[in-house]
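Pasted below: my_file29.pdb, PDB, C-alpha atoms, pLDDT in the B column.
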```
ATOM      1  CA  MET H   1     133.627 128.246  51.339  1.00 41.00           C
ATOM      2  CA  ALA H   2     133.234 124.876  49.710  1.00 49.00           C
ATOM      3  CA  SER H   3     136.157 125.287  47.282  1.00 66.00           C
ATOM      4  CA  VAL H   4     139.303 127.373  47.024  1.00 75.00           C
ATOM      5  CA  LYS H   5     138.860 130.476  44.892  1.00 86.00           C
ATOM      6  CA  ILE H   6     141.845 132.395  43.541  1.00 88.00           C
ATOM      7  CA  VAL H   7     141.256 136.080  42.817  1.00 89.00           C
ATOM      8  CA  LEU H   8     143.296 138.671  40.946  1.00 89.00           C
ATOM      9  CA  PRO H   9     143.325 142.472  41.228  1.00 90.00           C
ATOM     10  CA  GLY H  10     140.175 143.861  39.612  1.00 89.00           C
ATOM     11  CA  ASP H  11     138.037 140.740  40.079  1.00 91.00           C
ATOM     12  CA  ILE H  12     134.470 141.491  41.246  1.00 91.00           C
ATOM     13  CA  ILE H  13     133.554 139.513  44.364  1.00 89.00           C
ATOM     14  CA  ASP H  14     130.037 138.173  44.837  1.00 86.00           C
ATOM     15  CA  THR H  15     129.454 138.438  48.601  1.00 80.00           C
ATOM     16  CA  ARG H  16     125.787 137.446  48.478  1.00 73.00           C
ATOM     17  CA  ARG H  17     124.638 134.317  50.272  1.00 58.00           C
ATOM     18  CA  GLU H  18     121.557 132.247  49.566  1.00 44.00           C
ATOM     19  CA  GLU H  19     120.184 132.894  53.030  1.00 45.00           C
ATOM     20  CA  ASP H  20     120.428 136.671  52.434  1.00 49.00           C
ATOM     21  CA  THR H  21     117.752 136.649  49.698  1.00 44.00           C
ATOM     22  CA  THR H  22     114.751 137.071  52.003  1.00 44.00           C
ATOM     23  CA  GLN H  23     116.420 139.896  53.930  1.00 47.00           C
ATOM     24  CA  GLN H  24     117.365 141.716  50.710  1.00 48.00           C
ATOM     25  CA  GLU H  25     113.811 141.486  49.373  1.00 47.00           C
ATOM     26  CA  SER H  26     112.398 142.989  52.563  1.00 46.00           C
ATOM     27  CA  ASN H  27     115.147 145.667  52.634  1.00 49.00           C
ATOM     28  CA  VAL H  28     115.859 144.864  56.252  1.00 46.00           C
ATOM     29  CA  GLU H  29     119.399 145.785  57.249  1.00 47.00           C
ATOM     30  CA  ASP H  30     120.705 144.470  60.545  1.00 51.00           C
ATOM     31  CA  GLU H  31     124.002 143.387  62.046  1.00 49.00           C
ATOM     32  CA  ALA H  32     123.905 140.049  60.206  1.00 52.00           C
ATOM     33  CA  THR H  33     123.599 141.632  56.736  1.00 67.00           C
ATOM     34  CA  VAL H  34     126.537 144.036  57.075  1.00 79.00           C
ATOM     35  CA  ILE H  35     129.493 142.915  54.940  1.00 81.00           C
ATOM     36  CA  ARG H  36     132.883 143.382  56.607  1.00 81.00           C
ATOM     37  CA  LEU H  37     135.822 143.667  54.231  1.00 84.00           C
ATOM     38  CA  GLY H  38     139.309 142.636  55.261  1.00 78.00           C
ATOM     39  CA  PRO H  39     142.708 142.903  53.553  1.00 78.00           C
ATOM     40  CA  GLY H  40     142.775 142.690  49.778  1.00 82.00           C
ATOM     41  CA  LEU H  41     139.217 143.903  49.159  1.00 86.00           C
ATOM     42  CA  VAL H  42     137.706 147.338  48.536  1.00 86.00           C
ATOM     43  CA  GLN H  43     134.199 148.596  47.872  1.00 86.00           C
ATOM     44  CA  SER H  44     133.427 150.978  45.023  1.00 83.00           C
ATOM     45  CA  SER H  45     129.763 152.058  44.841  1.00 80.00           C
ATOM     46  CA  GLU H  46     127.948 148.763  45.473  1.00 81.00           C
ATOM     47  CA  ALA H  47     130.600 146.456  43.998  1.00 87.00           C
ATOM     48  CA  VAL H  48     133.330 144.696  45.986  1.00 90.00           C
ATOM     49  CA  SER H  49     136.552 144.037  44.104  1.00 90.00           C
ATOM     50  CA  ALA H  50     139.960 142.521  44.852  1.00 89.00           C
ATOM     51  CA  VAL H  51     143.066 144.703  44.950  1.00 86.00           C
ATOM     52  CA  THR H  52     145.590 141.929  45.604  1.00 84.00           C
ATOM     53  CA  ALA H  53     146.092 138.415  44.283  1.00 84.00           C
ATOM     54  CA  GLY H  54     145.444 135.483  46.606  1.00 83.00           C
ATOM     55  CA  VAL H  55     142.885 133.080  48.011  1.00 84.00           C
ATOM     56  CA  LEU H  56     139.427 134.464  48.814  1.00 88.00           C
ATOM     57  CA  HIS H  57     138.209 133.648  52.334  1.00 82.00           C
ATOM     58  CA  SER H  58     134.982 134.355  54.197  1.00 82.00           C
ATOM     59  CA  ASN H  59     133.582 133.805  57.676  1.00 77.00           C
ATOM     60  CA  SER H  60     129.849 133.083  57.689  1.00 78.00           C
ATOM     61  CA  GLU H  61     129.490 133.911  61.401  1.00 76.00           C
ATOM     62  CA  THR H  62     130.902 137.450  61.156  1.00 76.00           C
ATOM     63  CA  ASN H  63     130.104 137.958  57.428  1.00 82.00           C
ATOM     64  CA  ARG H  64     133.742 138.981  56.899  1.00 82.00           C
ATOM     65  CA  TRP H  65     135.547 138.586  53.576  1.00 85.00           C
ATOM     66  CA  TRP H  66     139.263 138.915  52.855  1.00 82.00           C
ATOM     67  CA  VAL H  67     142.033 137.844  50.487  1.00 85.00           C
ATOM     68  CA  ALA H  68     144.956 135.843  51.894  1.00 77.00           C
ATOM     69  CA  GLY H  69     148.148 136.226  49.910  1.00 73.00           C
ATOM     70  CA  ASN H  70     151.815 135.743  50.676  1.00 71.00           C
ATOM     71  CA  LYS H  71     152.919 139.366  50.491  1.00 74.00           C
ATOM     72  CA  ARG H  72     156.358 140.414  51.688  1.00 78.00           C
ATOM     73  CA  ARG H  73     155.246 143.439  53.700  1.00 86.00           C
ATOM     74  CA  TYR H  74     152.347 143.532  56.125  1.00 90.00           C
ATOM     75  CA  VAL H  75     149.578 146.061  55.497  1.00 87.00           C
ATOM     76  CA  ALA H  76     147.666 146.869  58.684  1.00 90.00           C
ATOM     77  CA  ALA H  77     143.925 146.160  58.765  1.00 86.00           C
ATOM     78  CA  VAL H  78     141.458 146.930  61.555  1.00 88.00           C
ATOM     79  CA  GLY H  79     140.754 144.043  63.921  1.00 88.00           C
ATOM     80  CA  GLU H  80     143.852 141.993  63.113  1.00 91.00           C
ATOM     81  CA  PRO H  81     146.126 140.655  65.886  1.00 95.00           C
ATOM     82  CA  VAL H  82     149.791 141.655  65.581  1.00 97.00           C
ATOM     83  CA  VAL H  83     153.016 140.993  67.449  1.00 97.00           C
ATOM     84  CA  GLY H  84     155.175 144.095  67.689  1.00 97.00           C
ATOM     85  CA  VAL H  85     158.314 145.479  69.283  1.00 97.00           C
ATOM     86  CA  VAL H  86     158.440 148.804  71.154  1.00 97.00           C
ATOM     87  CA  VAL H  87     160.954 151.018  69.329  1.00 97.00           C
ATOM     88  CA  ALA H  88     160.335 154.406  70.986  1.00 96.00           C
ATOM     89  CA  ARG H  89     158.567 156.074  73.888  1.00 94.00           C
ATOM     90  CA  HIS H  90     156.761 159.419  73.830  1.00 90.00           C
ATOM     91  CA  GLY H  91     154.505 161.454  76.075  1.00 86.00           C
ATOM     92  CA  GLU H  92     151.262 159.709  75.136  1.00 89.00           C
ATOM     93  CA  GLY H  93     152.566 156.167  74.734  1.00 94.00           C
ATOM     94  CA  TYR H  94     154.830 154.158  72.462  1.00 97.00           C
ATOM     95  CA  ARG H  95     155.779 153.585  68.845  1.00 97.00           C
ATOM     96  CA  VAL H  96     155.677 149.901  67.946  1.00 97.00           C
ATOM     97  CA  ASP H  97     157.277 148.182  64.979  1.00 97.00           C
ATOM     98  CA  ILE H  98     154.677 145.820  63.475  1.00 97.00           C
ATOM     99  CA  GLY H  99     156.457 145.219  60.171  1.00 94.00           C
ATOM    100  CA  SER H 100     154.325 147.637  58.135  1.00 93.00           C
ATOM    101  CA  ALA H 101     155.477 150.727  56.244  1.00 90.00           C
ATOM    102  CA  HIS H 102     154.903 152.862  59.362  1.00 93.00           C
ATOM    103  CA  ASP H 103     155.279 152.158  63.073  1.00 95.00           C
ATOM    104  CA  ALA H 104     152.059 151.758  65.027  1.00 96.00           C
ATOM    105  CA  LEU H 105     151.001 154.013  67.886  1.00 97.00           C
ATOM    106  CA  LEU H 106     150.192 152.436  71.249  1.00 97.00           C
ATOM    107  CA  SER H 107     148.627 154.598  73.948  1.00 95.00           C
ATOM    108  CA  HIS H 108     149.570 154.323  77.635  1.00 94.00           C
ATOM    109  CA  LEU H 109     145.853 153.756  78.311  1.00 93.00           C
ATOM    110  CA  ALA H 110     145.382 150.963  75.754  1.00 94.00           C
ATOM    111  CA  PHE H 111     145.891 148.223  78.352  1.00 95.00           C
ATOM    112  CA  GLU H 112     143.531 146.421  80.702  1.00 93.00           C
ATOM    113  CA  GLY H 113     142.937 148.513  83.834  1.00 89.00           C
ATOM    114  CA  ALA H 114     145.298 151.305  82.726  1.00 90.00           C
ATOM    115  CA  THR H 115     144.689 154.827  84.056  1.00 89.00           C
ATOM    116  CA  LYS H 116     146.684 158.043  83.999  1.00 87.00           C
ATOM    117  CA  ARG H 117     148.141 157.119  87.407  1.00 87.00           C
ATOM    118  CA  ASN H 118     148.377 153.383  86.870  1.00 89.00           C
ATOM    119  CA  LYS H 119     149.812 152.599  83.450  1.00 89.00           C
ATOM    120  CA  PRO H 120     152.406 150.122  82.159  1.00 90.00           C
ATOM    121  CA  ASN H 121     156.026 151.194  81.825  1.00 92.00           C
ATOM    122  CA  LEU H 122     157.402 149.400  78.774  1.00 94.00           C
ATOM    123  CA  ALA H 123     161.057 149.605  77.818  1.00 95.00           C
ATOM    124  CA  VAL H 124     162.310 149.884  74.259  1.00 96.00           C
ATOM    125  CA  GLY H 125     162.643 146.350  72.902  1.00 96.00           C
ATOM    126  CA  THR H 126     159.606 144.992  74.742  1.00 96.00           C
ATOM    127  CA  VAL H 127     157.474 142.566  72.712  1.00 97.00           C
ATOM    128  CA  VAL H 128     153.717 143.198  72.812  1.00 97.00           C
ATOM    129  CA  TYR H 129     150.647 141.454  71.438  1.00 97.00           C
ATOM    130  CA  GLY H 130     147.969 143.845  70.240  1.00 96.00           C
ATOM    131  CA  ARG H 131     145.026 144.406  67.936  1.00 95.00           C
ATOM    132  CA  VAL H 132     144.872 146.994  65.149  1.00 95.00           C
ATOM    133  CA  VAL H 133     142.177 149.605  65.815  1.00 95.00           C
ATOM    134  CA  VAL H 134     143.086 152.304  63.263  1.00 93.00           C
ATOM    135  CA  ALA H 135     144.390 151.584  59.769  1.00 91.00           C
ATOM    136  CA  ASN H 136     144.098 153.874  56.753  1.00 86.00           C
ATOM    137  CA  SER H 137     146.262 155.532  54.123  1.00 82.00           C
ATOM    138  CA  VAL H 138     146.532 158.956  55.773  1.00 87.00           C
ATOM    139  CA  MET H 139     147.281 158.063  59.413  1.00 90.00           C
ATOM    140  CA  ASP H 140     149.787 155.897  61.239  1.00 93.00           C
ATOM    141  CA  PRO H 141     148.219 152.630  62.394  1.00 95.00           C
ATOM    142  CA  GLU H 142     147.138 152.350  66.019  1.00 97.00           C
ATOM    143  CA  ILE H 143     146.990 149.242  68.178  1.00 97.00           C
ATOM    144  CA  GLU H 144     145.594 148.408  71.602  1.00 96.00           C
ATOM    145  CA  CYS H 145     146.611 145.685  74.039  1.00 96.00           C
ATOM    146  CA  TYR H 146     143.131 144.848  75.295  1.00 94.00           C
ATOM    147  CA  ASN H 147     139.606 144.504  74.012  1.00 90.00           C
ATOM    148  CA  SER H 148     138.034 147.960  74.346  1.00 85.00           C
ATOM    149  CA  ASN H 149     134.554 146.430  74.109  1.00 85.00           C
ATOM    150  CA  THR H 150     134.989 144.245  77.198  1.00 87.00           C
ATOM    151  CA  GLY H 151     137.796 146.070  79.003  1.00 87.00           C
ATOM    152  CA  LYS H 152     139.662 142.746  79.364  1.00 91.00           C
ATOM    153  CA  SER H 153     143.092 141.860  78.016  1.00 91.00           C
ATOM    154  CA  GLU H 154     141.906 138.604  76.403  1.00 91.00           C
ATOM    155  CA  GLY H 155     145.497 137.498  75.825  1.00 91.00           C
ATOM    156  CA  TYR H 156     146.786 140.848  74.568  1.00 96.00           C
ATOM    157  CA  GLY H 157     149.537 142.777  76.341  1.00 95.00           C
ATOM    158  CA  GLU H 158     153.234 142.499  77.104  1.00 95.00           C
ATOM    159  CA  LEU H 159     154.880 139.222  76.106  1.00 95.00           C
ATOM    160  CA  SER H 160     157.610 138.552  78.661  1.00 90.00           C
ATOM    161  CA  GLU H 161     160.285 135.893  78.307  1.00 89.00           C
ATOM    162  CA  GLY H 162     159.761 133.495  75.407  1.00 92.00           C
ATOM    163  CA  PHE H 163     161.104 133.890  71.885  1.00 95.00           C
ATOM    164  CA  MET H 164     159.801 135.854  68.896  1.00 97.00           C
ATOM    165  CA  PHE H 165     160.564 134.889  65.307  1.00 96.00           C
ATOM    166  CA  LYS H 166     159.372 135.865  61.853  1.00 95.00           C
ATOM    167  CA  CYS H 167     157.526 133.769  59.289  1.00 94.00           C
ATOM    168  CA  SER H 168     155.737 134.401  55.999  1.00 91.00           C
ATOM    169  CA  LEU H 169     152.430 136.246  56.100  1.00 89.00           C
ATOM    170  CA  GLY H 170     150.737 133.240  54.526  1.00 86.00           C
ATOM    171  CA  LEU H 171     151.912 130.885  57.266  1.00 92.00           C
ATOM    172  CA  ALA H 172     150.937 133.388  59.961  1.00 92.00           C
ATOM    173  CA  ARG H 173     147.338 133.530  58.712  1.00 87.00           C
ATOM    174  CA  ARG H 174     147.132 129.739  58.670  1.00 88.00           C
ATOM    175  CA  LEU H 175     148.427 129.571  62.244  1.00 93.00           C
ATOM    176  CA  ILE H 176     145.607 131.869  63.374  1.00 89.00           C
ATOM    177  CA  ASP H 177     143.182 129.046  62.598  1.00 81.00           C
ATOM    178  CA  THR H 178     142.301 127.164  65.798  1.00 77.00           C
ATOM    179  CA  LYS H 179     142.653 123.926  63.824  1.00 84.00           C
ATOM    180  CA  ALA H 180     146.204 124.627  62.610  1.00 91.00           C
ATOM    181  CA  PRO H 181     147.661 121.088  62.405  1.00 94.00           C
ATOM    182  CA  VAL H 182     151.176 121.933  63.568  1.00 96.00           C
ATOM    183  CA  LEU H 183     149.934 123.684  66.715  1.00 96.00           C
ATOM    184  CA  ALA H 184     147.539 120.825  67.473  1.00 95.00           C
ATOM    185  CA  ALA H 185     150.346 118.261  67.066  1.00 95.00           C
ATOM    186  CA  LEU H 186     152.706 120.261  69.273  1.00 95.00           C
ATOM    187  CA  GLY H 187     150.011 120.712  71.917  1.00 94.00           C
ATOM    188  CA  ASN H 188     149.637 116.947  72.187  1.00 93.00           C
ATOM    189  CA  GLY H 189     153.350 116.567  72.885  1.00 93.00           C
ATOM    190  CA  VAL H 190     154.602 119.555  74.878  1.00 94.00           C
ATOM    191  CA  PRO H 191     153.047 122.392  76.895  1.00 95.00           C
ATOM    192  CA  PHE H 192     153.683 125.822  75.399  1.00 95.00           C
ATOM    193  CA  GLU H 193     152.230 129.291  74.902  1.00 95.00           C
ATOM    194  CA  VAL H 194     151.948 130.957  71.519  1.00 96.00           C
ATOM    195  CA  ALA H 195     150.880 134.362  70.213  1.00 96.00           C
ATOM    196  CA  VAL H 196     150.473 134.650  66.456  1.00 96.00           C
ATOM    197  CA  GLY H 197     150.396 137.974  64.656  1.00 96.00           C
ATOM    198  CA  VAL H 198     149.114 138.120  61.094  1.00 93.00           C
ATOM    199  CA  ASN H 199     152.021 140.499  60.466  1.00 94.00           C
ATOM    200  CA  GLY H 200     154.312 137.472  60.182  1.00 94.00           C
ATOM    201  CA  ARG H 201     155.598 137.359  63.742  1.00 97.00           C
ATOM    202  CA  VAL H 202     155.139 134.540  66.206  1.00 97.00           C
ATOM    203  CA  TRP H 203     155.996 134.467  69.923  1.00 97.00           C
ATOM    204  CA  VAL H 204     156.409 131.161  71.749  1.00 97.00           C
ATOM    205  CA  ASN H 205     157.260 130.223  75.322  1.00 95.00           C
ATOM    206  CA  ALA H 206     157.672 126.585  76.319  1.00 93.00           C
ATOM    207  CA  GLY H 207     159.400 126.896  79.693  1.00 85.00           C
ATOM    208  CA  SER H 208     162.860 125.724  78.622  1.00 92.00           C
ATOM    209  CA  VAL H 209     165.121 127.043  75.874  1.00 94.00           C
ATOM    210  CA  ALA H 210     165.375 123.642  74.157  1.00 94.00           C
ATOM    211  CA  THR H 211     161.613 123.119  73.994  1.00 95.00           C
ATOM    212  CA  THR H 212     161.002 126.697  72.855  1.00 95.00           C
ATOM    213  CA  ILE H 213     163.452 126.218  69.977  1.00 95.00           C
ATOM    214  CA  LEU H 214     161.782 122.906  69.104  1.00 95.00           C
ATOM    215  CA  VAL H 215     158.355 124.575  68.901  1.00 96.00           C
ATOM    216  CA  ALA H 216     159.723 127.458  66.803  1.00 96.00           C
ATOM    217  CA  ASN H 217     161.472 125.074  64.385  1.00 96.00           C
ATOM    218  CA  ALA H 218     158.350 122.925  64.032  1.00 96.00           C
ATOM    219  CA  ILE H 219     156.225 125.970  63.161  1.00 97.00           C
ATOM    220  CA  ARG H 220     158.763 127.182  60.593  1.00 95.00           C
ATOM    221  CA  ASN H 221     159.055 123.739  59.017  1.00 95.00           C
ATOM    222  CA  SER H 222     155.268 123.366  58.670  1.00 95.00           C
ATOM    223  CA  GLU H 223     154.773 126.016  55.991  1.00 91.00           C
ATOM    224  CA  TYR H 224     154.612 123.634  53.028  1.00 91.00           C
ATOM    225  CA  LEU H 225     153.381 120.506  54.831  1.00 93.00           C
ATOM    226  CA  ASP H 226     149.869 119.076  55.004  1.00 92.00           C
ATOM    227  CA  ALA H 227     148.247 117.908  58.254  1.00 93.00           C
ATOM    228  CA  LYS H 228     149.633 114.358  58.068  1.00 95.00           C
ATOM    229  CA  GLN H 229     153.143 115.568  57.296  1.00 95.00           C
ATOM    230  CA  CYS H 230     152.954 118.085  60.167  1.00 95.00           C
ATOM    231  CA  ARG H 231     152.101 115.346  62.663  1.00 95.00           C
ATOM    232  CA  GLN H 232     154.950 113.164  61.407  1.00 96.00           C
ATOM    233  CA  MET H 233     157.432 116.065  61.503  1.00 96.00           C
ATOM    234  CA  VAL H 234     156.471 116.986  65.072  1.00 96.00           C
ATOM    235  CA  LYS H 235     156.698 113.345  66.138  1.00 95.00           C
ATOM    236  CA  GLU H 236     160.249 113.091  64.764  1.00 95.00           C
ATOM    237  CA  LEU H 237     161.328 116.332  66.463  1.00 93.00           C
ATOM    238  CA  LEU H 238     159.958 115.153  69.818  1.00 93.00           C
ATOM    239  CA  GLU H 239     161.726 111.798  69.490  1.00 92.00           C
ATOM    240  CA  LYS H 240     165.058 113.589  68.921  1.00 86.00           C
ATOM    241  CA  GLN H 241     164.609 115.877  71.924  1.00 78.00           C
TER
END
```
Before anything else, please render the file you have as structure tokens.
Amino acid sequence: MASVKIVLPGDIIDTRREEDTTQQESNVEDEATVIRLGPGLVQSSEAVSAVTAGVLHSNSETNRWWVAGNKRRYVAAVGEPVVGVVVARHGEGYRVDIGSAHDALLSHLAFEGATKRNKPNLAVGTVVYGRVVVANSVMDPEIECYNSNTGKSEGYGELSEGFMFKCSLGLARRLIDTKAPVLAALGNGVPFEVAVGVNGRVWVNAGSVATTILVANAIRNSEYLDAKQCRQMVKELLEKQ
């Protein structure tokens, strides 16, 4: 969107685009005209309204709309990446703490190449990176550690070694952006791996303990900084290392 738009609960959202006019007049409905609603938005009849306060965002490529706010507790939404911790094992899989009101379910078979005979054996306390596939008000959320459409892990799965820490939900959503200034500045200075969950959990691994702590501190410190301030902050941290 060209400008930032703040919405409040009850606000009606206009999801129409100028380029949609011709398609609407011809009543042609295809994949491109389907509106996908993310967190903070609900549809009632033909109107889309906000249910939480925050900044309205949209993605023109996927036609997805959502509201980004700095809530204290994560509410699971389908398609979102999350970092979780295995808290229990059961016959069909695991229960994973993702910071929401209820633990998420993770099947033994929800991994790349997993079968009934060849499946991962995760211990309680294991950190995993997954994607929400079921999220509604009457069922526990479910996650998977691979892309079920391609059968590939695509970065999801067990996160071994490294360090996981918590941050605000607002910062987590900004870190998901491939152009996040703090991650770009860190990438120019040190090699590291990162997995960001929109549930306010971030996992980093930079090879050594000192560098991992540096990366974690830089990410935490970036919450209220602009791009220029992020680059300066990272530069100062690297000079002190």
Checklist entry - Just so the selection is clear, what residues does the PyMOL selection byres ((chain H and resi 38-43) around 6) cover here, as an NGL selection string? => result :H and (37 or 44 or 47-52 or 65-67)
Find the nearest atom pair between each residue of segment 32-128 of chain H and segment 154-166 of chain H for residues within 7 Å, count only C-alpha atoms, give distances in Å to one decimal, sort rows by chain and ascending number, and present the table as a Markdown table.
```
| residue | atom | partner | partner_atom | distance |
| --- | --- | --- | --- | --- |
| H:Phe111 | CA | H:Gly157 | CA | 6.9 |
| H:Val127 | CA | H:Leu159 | CA | 5.4 |
| H:Val128 | CA | H:Glu158 | CA | 4.4 |
```
Checklist entry - How many Å separate atom CA of Val134 of chain H from atom CA of Ser148 of chain H? => result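 Straight-line distance from atom CA of Val134 of chain H to atom CA of Ser148 of chain H works out to 12.9 Å.
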Contacts of Leu186 of chain H at 9 Å (all atoms listed in the file; same-chain gap of 2+ positions) as a short mmCIF file (atom, residue, chain, number, x, y, z; two decimals) with C-alpha atoms, keeping the file's coordinate frame:
```cif
data_model
loop_
_atom_site.label_atom_id
_atom_site.label_comp_id
_atom_site.auth_asym_id
_atom_site.auth_seq_id
_atom_site.Cartn_x
_atom_site.Cartn_y
_atom_site.Cartn_z
CA PRO H 181 147.66 121.09 62.40
CA VAL H 182 151.18 121.93 63.57
CA LEU H 183 149.93 123.68 66.72
CA ALA H 184 147.54 120.82 67.47
CA ASN H 188 149.64 116.95 72.19
CA GLY H 189 153.35 116.57 72.89
CA VAL H 190 154.60 119.56 74.88
CA PRO H 191 153.05 122.39 76.90
CA PHE H 192 153.68 125.82 75.40
CA VAL H 215 158.35 124.58 68.90
CA ALA H 218 158.35 122.92 64.03
CA ARG H 231 152.10 115.35 62.66
CA VAL H 234 156.47 116.99 65.07
CA LYS H 235 156.70 113.34 66.14
CA LEU H 238 159.96 115.15 69.82
#
```
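Note that atom CA of Thr62 of chain H and atom CA of Val34 of chain H are 8.9 Å apart.
This file, filtered with the PyMOL selection byres ((chain H and resi 210) around 12), gives the residues Gly162, Phe163, Val190, Phe192, Val204, Asn205, Ala206, Gly207, Ser208, Val209, Thr211, Thr212, Ile213, Leu214, Val215, Ala216, Asn217, Leu237, Leu238, Lys240 and Gln241 of chain H.
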Checklist entry - Leaving out Gly91 of chain H and any residue of its chain fewer than 2 positions from it, which residues lie within 10 Å of it when counting all atoms listed in the file, given as a list in words? => result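 Residues near the query, excluding close chain neighbours: Arg89, Gly93, Tyr94, Ser107 and His108 of chain H.
By chain and then residue number, the residues within 12 Å of Asn149 of chain H are Ala110, Glu112, Val133, Glu144 and Glu154 of chain H, counting only C-alpha atoms and disregarding those fewer than 5 positions away in sequence.
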Could you write those residues out with C-alpha atoms, as a PDB file, keeping the file's coordinate frame?
```
ATOM      1  CA  ALA H 110     145.382 150.963  75.754  1.00 94.00           C
ATOM      2  CA  GLU H 112     143.531 146.421  80.702  1.00 93.00           C
ATOM      3  CA  VAL H 133     142.177 149.605  65.815  1.00 95.00           C
ATOM      4  CA  GLU H 144     145.594 148.408  71.602  1.00 96.00           C
ATOM      5  CA  GLU H 154     141.906 138.604  76.403  1.00 91.00           C
TER       6      GLU H 154
END
```
Checklist outcome for this item: Between atom CA of Ile35 of chain H and atom CA of Arg173 of chain H lies a distance of 20.5 Å
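Proximity of H:Cys145, H:Met139, H:Val96, H:Val85 to Gly113 of chain H, computed with all atoms listed in the file, is greatest for H:Cys145.
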Checklist entry - Taking the file as shown, what set of residues would the PyMOL selection byres ((chain H and resi 79) around 8) give back, as a PyMOL selection string? => result chain H and resi 77-78+80-81+131-133
Please give the centre and size of the box around segment 218-233 of chain H (axis-aligned, containing every atom listed in the file, 5 Å added per side), with values in Å to one decimal and written as JSON.
```
{"center_x": 153.7, "center_y": 120.2, "center_z": 58.5, "size_x": 20.8, "size_y": 24.0, "size_z": 21.0}
```
Item to check | Nearest to Gly125 of chain H by atom-to-atom distance, counting only C-alpha atoms, from H:Lys152, H:Arg95, H:Arg201, H:His57 | outcome: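 Smallest distance to Gly125 of chain H is found for H:Arg95.
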If we count only C-alpha atoms, what is near Val4 of chain H at a cut-off of 12 Å, once residues fewer than 4 positions away on the same chain are taken out, given as a CSV table (one decimal) with C-alpha atoms, in the frame of the given file?
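The result, written out as selection.csv:
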```csv
chain,number,residue,atom,x,y,z
H,54,GLY,CA,145.4,135.5,46.6
H,55,VAL,CA,142.9,133.1,48.0
H,56,LEU,CA,139.4,134.5,48.8
H,57,HIS,CA,138.2,133.6,52.3
H,58,SER,CA,135.0,134.4,54.2
H,67,VAL,CA,142.0,137.8,50.5
H,68,ALA,CA,145.0,135.8,51.9
```
Item to check | Sphere at (149.2, 133.4, 55.7), radius 8 Å, counting only C-alpha atoms: residues as a ChimeraX atom specification | outcome: /H:68-70,168-175,198,200
